[in-house]
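J.: This is model.tsv, which holds TSV, C-alpha atoms:
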chain	number	residue	atom	x	y	z
T	539	MET	CA	-0.11	15.58	13.14
T	540	ASN	CA	-0.93	12.31	14.86
T	541	TRP	CA	-3.15	9.29	14.46
T	542	THR	CA	-3.63	5.82	15.95
T	543	ASP	CA	-4.14	2.66	13.93
T	544	GLU	CA	-3.33	-1.04	13.76
T	545	GLY	CA	-1.33	-2.84	11.13
T	546	TYR	CA	1.13	-5.53	10.10
T	547	ILE	CA	4.86	-4.98	9.91
T	548	LEU	CA	5.99	-5.36	6.30
T	549	ASN	CA	9.66	-4.45	6.64
T	550	LEU	CA	12.14	-2.79	8.98
T	551	PHE	CA	15.58	-1.24	8.85
T	552	GLN	CA	18.03	0.00	11.43
T	553	TYR	CA	18.07	3.77	11.67
T	554	ALA	CA	20.87	5.75	13.27
T	555	GLU	CA	22.49	4.05	16.26
T	556	ASN	CA	19.62	2.45	18.14
T	557	SER	CA	16.40	3.15	16.26
T	558	SER	CA	14.46	1.45	13.46
T	559	ILE	CA	12.34	2.48	10.51
T	560	ILE	CA	9.34	0.23	10.01
T	561	SER	CA	6.86	-0.05	7.15
T	562	ILE	CA	3.37	-1.24	8.02
T	563	LEU	CA	0.18	-2.14	6.19
T	564	SER	CA	-2.33	-0.33	8.38
T	565	LYS	CA	-6.09	-0.59	8.48
T	566	ASN	CA	-7.00	3.04	7.95
T	567	HIS	CA	-3.79	4.69	6.72
T	568	GLY	CA	-2.49	2.16	4.22
T	569	HIS	CA	1.19	1.50	3.64
T	570	HIS	CA	2.95	3.84	6.05
T	571	LYS	CA	6.48	4.27	7.33
T	572	GLY	CA	7.88	5.74	10.52
T	573	VAL	CA	10.80	5.79	12.94
T	574	VAL	CA	10.68	3.76	16.14
T	575	TYR	CA	13.11	5.26	18.61
T	576	GLY	CA	14.98	2.59	20.53
T	577	GLY	CA	13.81	0.00	18.04
T	578	THR	CA	16.98	-2.06	18.43
T	579	SER	CA	16.45	-2.53	22.18
T	580	SER	CA	15.74	-6.06	23.42
T	581	LYS	CA	12.24	-5.02	24.48
T	582	LEU	CA	11.22	-3.54	21.13
T	583	LYS	CA	12.99	-6.18	19.05
T	584	LYS	CA	10.36	-8.69	20.21
T	585	ILE	CA	7.63	-6.40	18.90
T	586	LEU	CA	9.35	-5.33	15.69
T	587	GLN	CA	9.17	-8.62	13.85
T	588	ILE	CA	7.97	-8.87	10.24
T	589	GLY	CA	4.41	-10.20	10.21
T	590	ASN	CA	3.56	-9.05	13.73
T	591	LYS	CA	0.29	-7.18	14.14
T	592	ILE	CA	0.80	-4.00	16.13
T	593	LYS	CA	-0.99	-0.92	17.38
T	594	VAL	CA	0.75	2.29	16.36
T	595	MET	CA	0.53	5.95	17.21
T	596	TRP	CA	2.11	8.07	14.46
T	597	LYS	CA	3.34	11.56	15.25
T	598	SER	CA	4.91	14.17	13.01
T	599	LYS	CA	5.23	17.93	12.79
T	600	SER	CA	3.97	17.71	9.22
T	601	GLU	CA	1.93	15.20	7.25
T	602	ASP	CA	4.69	15.12	4.62
T	603	LYS	CA	7.45	14.21	7.08
T	604	LEU	CA	8.59	10.68	7.93
T	605	GLY	CA	7.32	10.94	11.51
T	606	TYR	CA	7.70	8.35	14.21
T	607	PHE	CA	5.71	5.50	15.73
T	608	ASN	CA	4.97	4.46	19.26
T	609	VAL	CA	4.15	0.75	19.06
T	610	GLU	CA	2.31	-1.90	21.06
T	611	LEU	CA	2.05	-5.57	20.20
T	612	ILE	CA	-1.41	-6.87	19.26
T	613	LYS	CA	-0.59	-10.31	17.91
T	614	PRO	CA	2.85	-11.81	17.30
T	615	VAL	CA	3.76	-14.28	14.61
T	616	SER	CA	3.43	-17.49	16.60
T	617	PRO	CA	6.81	-19.10	17.40
T	618	ILE	CA	5.46	-22.35	15.94
T	619	TYR	CA	5.68	-20.84	12.45
T	620	PHE	CA	9.39	-20.29	12.86
T	621	GLU	CA	9.58	-24.08	12.94
T	622	ASN	CA	7.34	-24.42	9.87
T	623	GLU	CA	9.50	-23.19	7.03
T	624	LYS	CA	6.73	-23.18	4.44
T	625	LYS	CA	4.38	-21.06	6.52
T	626	LEU	CA	7.12	-18.70	7.64
T	627	THR	CA	8.17	-18.25	4.01
T	628	SER	CA	4.53	-17.50	3.15
T	629	ILE	CA	4.41	-14.76	5.78
T	630	PHE	CA	7.58	-13.18	4.42
T	631	SER	CA	6.32	-13.60	0.87
T	632	SER	CA	3.05	-11.78	1.59
T	633	THR	CA	4.70	-8.94	3.51
T	634	SER	CA	7.39	-8.44	0.88
T	635	LEU	CA	4.82	-8.37	-1.93
T	636	CYS	CA	2.84	-5.67	-0.13
T	637	TYR	CA	5.99	-3.74	0.69
T	638	GLN	CA	7.18	-3.69	-2.91
T	639	ILE	CA	3.99	-3.05	-4.84
T	640	LEU	CA	1.78	-0.87	-2.62
T	641	PRO	CA	2.70	2.81	-2.90
T	642	GLU	CA	3.11	4.52	0.46
T	643	ARG	CA	0.41	6.64	2.06
T	644	ASN	CA	-2.43	5.27	-0.03
T	645	ILE	CA	-5.33	3.70	1.85
T	646	TYR	CA	-5.93	0.00	1.16
T	647	THR	CA	-8.83	-0.99	3.39
T	648	LYS	CA	-9.86	-4.07	1.40
T	649	ILE	CA	-6.26	-5.20	0.93
T	650	PHE	CA	-5.73	-4.89	4.69
T	651	ASN	CA	-8.89	-6.88	5.43
T	652	ASP	CA	-7.93	-9.58	2.92
T	653	PHE	CA	-4.43	-9.76	4.43
T	654	ASP	CA	-5.87	-9.97	7.94
T	655	LEU	CA	-8.18	-12.81	6.86
T	656	MET	CA	-5.38	-14.70	5.11
T	657	ILE	CA	-3.18	-14.52	8.22
T	658	SER	CA	-6.07	-15.90	10.32
T	659	TYR	CA	-5.88	-19.15	8.30
T	660	LEU	CA	-2.26	-19.83	9.34
T	661	PRO	CA	-3.20	-22.57	11.85
T	662	ASN	CA	-5.42	-24.36	9.31
T	663	ASP	CA	-4.59	-27.16	6.89
T	664	ASN	CA	-5.98	-25.16	3.98
T	665	PHE	CA	-3.73	-22.16	4.62
T	666	PHE	CA	-1.74	-22.46	1.38
T	667	LYS	CA	-4.91	-22.52	-0.69
T	668	GLU	CA	-6.01	-19.35	1.11
T	669	TYR	CA	-2.59	-17.84	0.49
T	670	VAL	CA	-2.86	-18.46	-3.27
T	671	LEU	CA	-6.36	-16.96	-3.28
T	672	TRP	CA	-5.08	-13.97	-1.31
T	673	GLU	CA	-2.52	-13.26	-4.05
T	674	HIS	CA	-5.33	-13.44	-6.61
T	675	LYS	CA	-7.42	-11.01	-4.52
T	676	LEU	CA	-4.43	-8.66	-4.28
T	677	LEU	CA	-4.19	-8.58	-8.07
T	678	ASN	CA	-7.94	-7.93	-8.24
T	679	ASP	CA	-7.76	-5.13	-5.69
T	680	LEU	CA	-5.04	-3.45	-7.74
T	681	GLY	CA	-7.23	-3.62	-10.84
T	682	PHE	CA	-5.72	-6.66	-12.56
T	683	ASP	CA	-6.92	-10.17	-13.39
T	684	LYS	CA	-10.59	-9.43	-12.68
T	685	ASN	CA	-12.20	-11.58	-15.36
T	686	ILE	CA	-10.94	-15.15	-15.21
T	687	SER	CA	-12.40	-18.35	-16.59
T	688	VAL	CA	-11.93	-22.00	-15.72
T	689	ASP	CA	-10.98	-22.44	-19.38
T	690	ASP	CA	-8.17	-19.88	-19.27
T	691	GLU	CA	-4.97	-21.55	-20.39
T	692	PHE	CA	-1.39	-20.55	-19.61
T	693	LYS	CA	1.82	-21.80	-21.08
T	694	ILE	CA	4.37	-21.73	-18.29
T	695	LEU	CA	7.62	-23.69	-18.23
T	696	ASN	CA	6.57	-25.18	-21.61
T	697	GLN	CA	3.48	-26.72	-20.03
T	698	LYS	CA	-0.20	-25.87	-20.31
T	699	ILE	CA	-1.61	-24.82	-16.93
T	700	PHE	CA	-5.19	-24.03	-15.96
T	701	TYR	CA	-6.54	-22.26	-12.90
T	702	PRO	CA	-7.05	-24.76	-10.03
T	703	HIS	CA	-10.73	-25.41	-9.32
T	704	PHE	CA	-10.56	-23.69	-5.93
T	705	PHE	CA	-10.26	-20.35	-7.74
T	706	PHE	CA	-13.91	-20.79	-8.71
T	707	LYS	CA	-15.26	-23.01	-5.93
T	708	THR	CA	-13.35	-22.41	-2.72
T	709	ASP	CA	-14.40	-25.67	-1.05
T	710	SER	CA	-12.90	-27.75	-3.88
T	711	SER	CA	-10.32	-30.34	-2.94
T	712	PHE	CA	-6.71	-29.54	-3.80
T	713	ASN	CA	-3.20	-30.94	-3.64
T	714	ASP	CA	0.34	-29.59	-3.80
T	715	LEU	CA	0.25	-29.49	-7.60
T	716	ASP	CA	-2.81	-27.23	-7.46
T	717	ILE	CA	-1.01	-24.92	-5.06
T	718	TYR	CA	2.06	-24.88	-7.30
T	719	ASN	CA	0.02	-24.15	-10.42
T	720	GLY	CA	-1.84	-21.36	-8.63
T	721	LEU	CA	1.45	-19.83	-7.51
T	722	LEU	CA	2.84	-20.04	-11.05
T	723	ILE	CA	-0.22	-18.37	-12.57
T	724	ASN	CA	-0.22	-15.61	-9.95
T	725	LYS	CA	3.50	-15.04	-10.46
T	726	SER	CA	2.95	-14.74	-14.20
T	727	LYS	CA	0.32	-12.06	-13.56
T	728	PHE	CA	2.50	-10.19	-11.05
T	729	LEU	CA	5.39	-10.18	-13.49
T	730	ASN	CA	3.33	-9.13	-16.51
T	731	PHE	CA	1.29	-6.43	-14.80
T	732	ILE	CA	3.58	-5.03	-12.12
T	733	PHE	CA	7.14	-6.24	-11.75
T	734	ASP	CA	8.41	-6.33	-15.33
T	735	PRO	CA	6.84	-2.99	-16.41
T	736	ASN	CA	8.37	-1.30	-13.36
T	737	LYS	CA	11.69	-3.15	-13.66
T	738	LEU	CA	11.29	-4.75	-10.24
T	739	LYS	CA	12.40	-8.16	-9.09
T	740	MET	CA	10.00	-10.66	-7.58
T	741	PRO	CA	10.65	-10.94	-3.83
T	742	TYR	CA	13.09	-13.68	-2.84
T	743	HIS	CA	10.67	-15.33	-0.40
T	744	ARG	CA	7.91	-15.42	-3.04
T	745	LEU	CA	10.19	-17.31	-5.43
T	746	ARG	CA	11.32	-19.58	-2.61
T	747	LEU	CA	7.74	-20.45	-1.69
T	748	GLU	CA	7.14	-22.09	-5.08
T	749	LYS	CA	10.01	-24.49	-4.53
T	750	PHE	CA	8.24	-26.13	-1.59
T	751	PHE	CA	5.50	-27.32	-3.94
T	752	SER	CA	7.43	-28.07	-7.14
Take the structure in this file and express it as structure tokens.

T.:
Amino acid sequence: MNWTDEGYILNLFQYAENSSIISILSKNHGHHKGVVYGGTSSKLKKILQIGNKIKVMWKSKSEDKLGYFNVELIKPVSPIYFENEKKLTSIFSSTSLCYQILPERNIYTKIFNDFDLMISYLPNDNFFKEYVLWEHKLLNDLGFDKNISVDDEFKILNQKIFYPHFFFKTDSSFNDLDIYNGLLINKSKFLNFIFDPNKLKMPYHRLRLEKFFS
């Protein structure tokens, strides 16, 4: 069994003495995992960074086996984002959300395309608005939170919160409070629909992201 695809690295772990296991969100094969032999080498370490977009060739004797990846770098996470803590935290937040809530070996073409689009906004000033909308799209793509109204009211932290206007008109102006409120509402949905029923914890970087806007 073998196939070639492109995808984003969601997570990685050391495997045996000098190899790695990586999880990717791929375009045509969904959330998939495989071994990268020599993944701890200095050459491959530069490629195997969370958030990097890579080309992969997956090989396995059986479709049910873990298999292994040969990898090539398509687009790295720009070094500039390692100096921008908010944007770096957003990258780790998005990858950790996908890693935790997307079952392996299911195809998620729209989720991949939405993720790809969200990442393309990283250089822009409106990136955090696009990030919040990406979380909302992710909930939609998983079958939750499809019918929302500008009048929907949430009581979070003993305060009444409404959807920011950019949920309904994407070119609306926004500020940090709008981003914070959008993150709080999305988190409430994630917890209610996914994390709490499955006894999962919200990813650390997702919780950390809110603190930049509070």

J.: Can you pull out every residue within 10 Å of Phe731 (chain T), counting all atoms listed in the file, but drop anything in the same chain fewer than 6 positions away, and send it as a ChimeraX atom specification?

T.: /T:677,680-683,725

J.: Mind checking which residues fall within 10 Å of Gly572 (chain T), counting only C-alpha atoms, ignoring those fewer than 3 positions away in the same chain, and posting them as a ChimeraX atom specification?

T.: /T:550,558-562,575,594-598,603-608

J.: What gap, in Å, lies between CA of Ile686 (chain T) and CA of Leu738 (chain T)?

T.: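 That distance, rounded to one decimal, is 25.0 Å.
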
J.: Taking into account all atoms listed in the file, which residue in the set T:Leu611, T:Arg643, T:Val670, T:Asn540 is nearest to Lys599 (chain T)?

T.: T:Asn540

J.: Neighbours of Gln697 (chain T) within 12 Å (all atoms listed in the file; same-chain residues fewer than 6 positions away dropped), as a ChimeraX atom specification?

T.: /T:691,719,722-723

J.: Can you work out the spacing between CA of Leu582 (chain T) and CA of Phe665 (chain T) in Å, to one decimal?

T.: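 Between CA of Leu582 (chain T) and CA of Phe665 (chain T) the gap is 29.0 Å.
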
J.: So how far away is CA of Asn713 (chain T) from CA of Lys648 (chain T), in Å?

T.: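 That distance, rounded to one decimal, is 28.1 Å.
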
J.: Counting all atoms listed in the file, figure out which residue out of T:Leu747, T:Ile699, T:Leu660, T:Ile585 gets nearest to Phe630 (chain T).

T.: T:Leu747

J.: With distances taken over all atoms listed in the file, which of T:Ser632, T:Asn685, T:Asn696, T:Ser579 is nearest to Trp672 (chain T)?

T.: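 Selected residue with least distance to Trp672 (chain T): T:Ser632.
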
J.: Between T:Tyr637, T:Phe700, T:Tyr669, T:Tyr646, single out the one closest to Lys624 (chain T), counting all atoms listed in the file.

T.: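 Looking only at the distances to Lys624 (chain T), the closest residue turns out to be T:Tyr669.
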
J.: Leaving out Asp679 (chain T) and any residue of its chain fewer than 3 positions from it, which residues lie within 7 Å of it when counting only C-alpha atoms, given as an NGL selection string?

T.: :T and (649 or 675-676)

J.: Hey, which of T:Thr633, T:Thr627, T:Ser600, T:Ser580 ends up closest to Tyr546 (chain T)? Count all atoms listed in the file.

T.: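 Result for the nearest residue to Tyr546 (chain T): T:Thr633.
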
J.: Which residue out of T:Leu626, T:Leu640, T:Leu721, T:Ile732 has the minimum interatomic distance to Leu671 (chain T) when all atoms listed in the file are used?

T.: T:Leu721

J.: Quick one: everything within 8 Å of Val615 (chain T), counting all atoms listed in the file, minus sequence neighbours fewer than 6 positions away in the same chain. Send it as a PyMOL selection string.

T.: chain T and resi 587+589-591

J.: Given the point (-6.3, -1.8, 9.2) in the coordinates of this file, which residues lie within 9 Å, counting all atoms listed in the file, and how would they look as a list in words?

T.: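 The residues near that point, listed by chain and number, are Asp543, Glu544, Gly545, Tyr546, Leu563, Ser564, Lys565, Asn566, His567, Gly568, Tyr646, Thr647, Lys648, Ile649, Phe650, Asn651 and Asp654 of chain T.
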
J.: Identify the residues within 12 Å of coordinate (22.5, 4.7, 18.2) (same frame as the file), considering only C-alpha atoms, and give the answer as a PDB file with C-alpha atoms, in the coordinates of the input.

T.:
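Result file selection_38.pdb:
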ATOM      1  CA  GLN T 552      18.030   0.000  11.430  1.00  0.00           C
ATOM      2  CA  TYR T 553      18.070   3.770  11.670  1.00  0.00           C
ATOM      3  CA  ALA T 554      20.870   5.750  13.270  1.00  0.00           C
ATOM      4  CA  GLU T 555      22.490   4.050  16.260  1.00  0.00           C
ATOM      5  CA  ASN T 556      19.620   2.450  18.140  1.00  0.00           C
ATOM      6  CA  SER T 557      16.400   3.150  16.260  1.00  0.00           C
ATOM      7  CA  SER T 558      14.460   1.450  13.460  1.00  0.00           C
ATOM      8  CA  TYR T 575      13.110   5.260  18.610  1.00  0.00           C
ATOM      9  CA  GLY T 576      14.980   2.590  20.530  1.00  0.00           C
ATOM     10  CA  GLY T 577      13.810   0.000  18.040  1.00  0.00           C
ATOM     11  CA  THR T 578      16.980  -2.060  18.430  1.00  0.00           C
ATOM     12  CA  SER T 579      16.450  -2.530  22.180  1.00  0.00           C
TER      13      SER T 579
END
